[in-house]
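Have a look at protein17.txt below; it lists compact mmCIF, C-alpha atoms.
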# COMPACT_ATOMS: atom_id res chain seq x y z
CA MET A 1195 111.03 139.99 117.15
CA ALA A 1196 109.18 136.93 115.82
CA ASP A 1197 110.30 135.22 112.64
CA GLU A 1198 107.89 136.64 110.05
CA THR A 1199 108.74 133.97 107.47
CA THR A 1200 107.30 131.15 109.59
CA VAL A 1201 103.58 130.54 109.81
CA THR A 1202 102.47 128.82 112.98
CA PHE A 1203 99.21 126.95 113.30
CA ASP A 1204 98.85 125.13 116.57
CA SER A 1205 95.99 123.31 118.27
CA GLY A 1206 94.82 126.54 119.93
CA ALA A 1207 94.49 128.30 116.58
CA TYR A 1208 92.78 125.22 115.20
CA ARG A 1209 90.23 125.28 118.04
CA GLN A 1210 89.56 128.94 117.26
CA LEU A 1211 88.93 127.96 113.65
CA ASN A 1212 86.51 125.24 114.83
CA VAL A 1213 84.56 127.73 116.94
CA PHE A 1214 84.37 130.21 114.06
CA VAL A 1215 83.18 127.61 111.52
CA ASP A 1216 80.67 126.13 113.96
CA GLY A 1217 79.28 129.62 114.60
CA LYS A 1218 78.83 130.16 110.87
CA ASP A 1219 77.04 126.79 110.65
CA VAL A 1220 74.46 128.06 113.13
CA GLU A 1221 74.24 131.41 111.33
CA VAL A 1222 73.59 129.76 107.95
CA ARG A 1223 70.76 127.69 109.41
CA GLU A 1224 69.23 130.71 111.17
CA LYS A 1225 69.47 133.17 108.28
CA PHE A 1226 68.75 131.01 105.27
CA LEU A 1227 66.87 127.89 106.34
CA LYS A 1228 64.71 129.06 109.23
CA ALA A 1229 61.06 129.75 108.42
CA SER A 1230 60.27 133.45 108.23
CA SER A 1231 57.37 135.71 107.41
CA GLY A 1232 59.36 137.79 104.92
CA ILE A 1233 60.14 137.09 101.29
CA ARG A 1234 62.68 134.30 100.97
CA LEU A 1235 63.95 131.89 98.36
CA ASP A 1236 61.54 128.96 98.46
CA PRO A 1237 58.77 127.58 96.21
CA GLU A 1238 56.31 130.12 97.68
CA LEU A 1239 58.23 133.02 96.12
CA GLY A 1240 55.85 133.17 93.13
CA ASN A 1241 52.88 133.63 95.47
CA ARG A 1242 54.54 136.31 97.60
CA VAL A 1243 55.56 138.73 94.85
CA LYS A 1244 52.51 140.62 93.60
CA VAL A 1245 52.94 142.10 90.16
CA GLY A 1246 50.22 143.04 87.73
CA ASN A 1247 47.01 141.14 87.03
CA PRO A 1248 47.43 137.47 88.05
CA SER A 1249 45.15 136.35 85.20
CA TRP A 1250 47.50 137.82 82.57
CA ILE A 1251 49.67 135.07 81.04
CA ALA A 1252 52.84 137.16 81.26
CA VAL A 1253 52.31 137.59 85.02
CA GLN A 1254 51.52 133.88 85.39
CA ASN A 1255 54.74 133.01 83.57
CA PHE A 1256 56.67 135.46 85.74
CA ASN A 1257 55.20 133.99 88.93
CA ASN A 1258 55.96 130.45 87.73
CA SER A 1259 59.55 131.50 87.06
CA LEU A 1260 59.75 132.98 90.56
CA LYS A 1261 58.48 129.70 91.98
CA GLU A 1262 61.22 127.81 90.12
CA LEU A 1263 63.84 130.37 91.18
CA GLY A 1264 62.72 130.10 94.78
CA ALA A 1265 62.79 126.30 94.77
CA SER A 1266 66.24 126.31 93.17
CA GLY A 1267 67.57 128.88 95.64
CA GLU A 1268 66.16 126.95 98.59
CA GLN A 1269 67.79 123.73 97.36
CA MET A 1270 71.12 125.49 96.88
CA ASN A 1271 70.89 126.91 100.42
CA ARG A 1272 70.11 123.46 101.82
CA ASN A 1273 73.01 121.89 99.91
CA PHE A 1274 75.37 124.62 101.09
CA ALA A 1275 74.20 124.23 104.69
CA LYS A 1276 74.69 120.46 104.48
CA ASP A 1277 78.21 120.87 103.07
CA TRP A 1278 79.10 123.49 105.69
CA HIS A 1279 77.80 121.25 108.49
CA THR A 1280 79.80 118.31 107.12
CA PHE A 1281 82.90 120.53 106.99
CA SER A 1282 82.30 121.74 110.55
CA LYS A 1283 82.05 118.14 111.82
CA ALA A 1284 85.14 117.17 109.82
CA LEU A 1285 87.15 119.97 111.43
CA VAL A 1286 86.32 118.60 114.88
CA LYS A 1287 87.23 115.08 113.80
CA ALA A 1288 90.54 116.25 112.29
CA GLN A 1289 91.59 117.71 115.66
CA ARG A 1290 93.27 114.31 116.15
CA VAL A 1291 96.07 115.46 113.86
CA PHE A 1292 97.41 117.57 116.71
CA GLU A 1293 97.64 114.46 118.88
CA GLU A 1294 99.99 112.94 116.30
CA THR A 1295 102.18 115.93 115.48
CA ASP A 1296 103.07 119.38 116.63
CA ASP A 1297 104.51 120.32 113.23
CA LEU A 1298 101.90 120.36 110.46
CA ALA A 1299 104.62 120.96 107.87
CA SER A 1300 105.91 117.45 108.51
CA TYR A 1301 102.47 115.81 108.42
CA GLU A 1302 101.94 113.92 105.16
CA ALA A 1303 99.10 115.24 103.01
CA SER A 1304 98.33 111.75 101.65
CA LYS A 1305 97.88 110.48 105.21
CA PHE A 1306 95.58 113.38 106.02
CA ASN A 1307 93.52 112.79 102.85
CA ALA A 1308 93.19 109.09 103.64
CA GLU A 1309 92.12 109.69 107.25
CA PHE A 1310 89.84 112.66 106.56
CA PRO A 1311 88.21 112.29 103.11
CA GLU A 1312 85.53 114.77 104.24
CA PHE A 1313 87.94 117.52 103.22
CA GLY A 1314 87.64 116.54 99.55
CA THR A 1315 86.82 119.23 97.03
CA GLY A 1316 83.40 117.98 95.92
CA GLY A 1317 81.30 118.88 98.97
CA SER A 1318 79.52 116.46 101.27
CA GLY A 1319 82.76 114.58 101.73
CA SER A 1320 82.75 113.11 98.23
CA GLY A 1321 86.43 113.84 97.65
CA THR A 1322 85.77 114.51 93.95
CA PRO A 1323 85.47 117.85 92.20
CA PRO A 1324 81.95 119.00 91.35
CA ALA A 1325 80.70 118.40 87.81
CA THR A 1326 80.84 121.37 85.47
CA ALA A 1327 78.26 122.26 82.86

Written form, structure tokens:
Amino acid sequence: MADETTVTFDSGAYRQLNVFVDGKDVEVREKFLKASSGIRLDPELGNRVKVGNPSWIAVQNFNNSLKELGASGEQMNRNFAKDWHTFSKALVKAQRVFEETDDLASYEASKFNAEFPEFGTGGSGSGTPPATA
């Protein structure tokens, strides 16, 4: 029976993680950033939702708000996709760790952080936490 108190994470498992993350990178681009004929979050959202009389100021305000929501959502999707792609590339680059050690528990975190700053907490490899409102 295997020792259930020990977690193993070898280069094979790491490659599986790379394949999974890379697949999600493609999925994000296909589902959220690819042009489509349906309603999606982009600046055209206000023109695609038809509600009431377009000459009524309340409807105009609503449509303008939808346009802003769509533009904001599209930008958030693009930022997320960029961060995910950066993370996916960083995973491939960090594969080198397995050339240096076969025991991740003995690998120094400070060395990893210095060699692979892309894994910082701020997205896009900034290494700094995101600003809070």

### Message
Residues within 12 Å of A:Phe1214, please, as number ranges by chain. Count all atoms listed in the file; anything in the same chain fewer than 5 positions from it doesn't count.
### Response
A: 1207-1209, 1219-1221, 1278, 1282, 1285-1286

Output the selection as a short mmCIF file (atom, residue, chain, number, x, y, z; two decimals), in the coordinates of the input - C-alpha atoms for each residue.
data_model
loop_
_atom_site.label_atom_id
_atom_site.label_comp_id
_atom_site.auth_asym_id
_atom_site.auth_seq_id
_atom_site.Cartn_x
_atom_site.Cartn_y
_atom_site.Cartn_z
CA ALA A 1207 94.49 128.30 116.58
CA TYR A 1208 92.78 125.22 115.20
CA ARG A 1209 90.23 125.28 118.04
CA ASP A 1219 77.04 126.79 110.65
CA VAL A 1220 74.46 128.06 113.13
CA GLU A 1221 74.24 131.41 111.33
CA TRP A 1278 79.10 123.49 105.69
CA SER A 1282 82.30 121.74 110.55
CA LEU A 1285 87.15 119.97 111.43
CA VAL A 1286 86.32 118.60 114.88
#

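The space separating atom CA of A:Phe1313 from atom CA of A:Thr1199 comes to 26.9 Å.
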
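Our summary of the geometry notes that atom CA of A:Gln1210 is positioned 27.7 Å from atom CA of A:Met1270.
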
### Message
One number please: atom CA of A:Gly1240 to atom CA of A:Lys1261, in Å, one decimal.
### Response
4.5 Å

Stretch 1272-1290 of chain A: axis-aligned bounding box, 3 Å on each side, centre and edge lengths in Å, one decimal, as lines of an AutoDock Vina configuration file:
center_x = 81.7
center_y = 119.5
center_z = 108.0
size_x = 29.2
size_y = 16.3
size_z = 22.2

### Message
For a cutoff of 12 Å around the file-coordinate point (60.0, 134.8, 101.5), which residues qualify once you count all atoms listed in the file? I'd like the result as a PyMOL selection string.
### Response
chain A and resi 1225-1243+1260-1261+1263-1265+1267-1268

### Query
From the set A:Val1215, A:Asp1204, A:Lys1283, A:Glu1262, which residue has the shortest atom-to-atom contact distance to A:Ala1299, counting only C-alpha atoms?
A:Asp1204

### Query
Counting all atoms listed in the file, which of A:Val1222, A:Ser1205, A:Leu1298, A:Asn1257 gets nearest to A:Val1245?
A:Asn1257
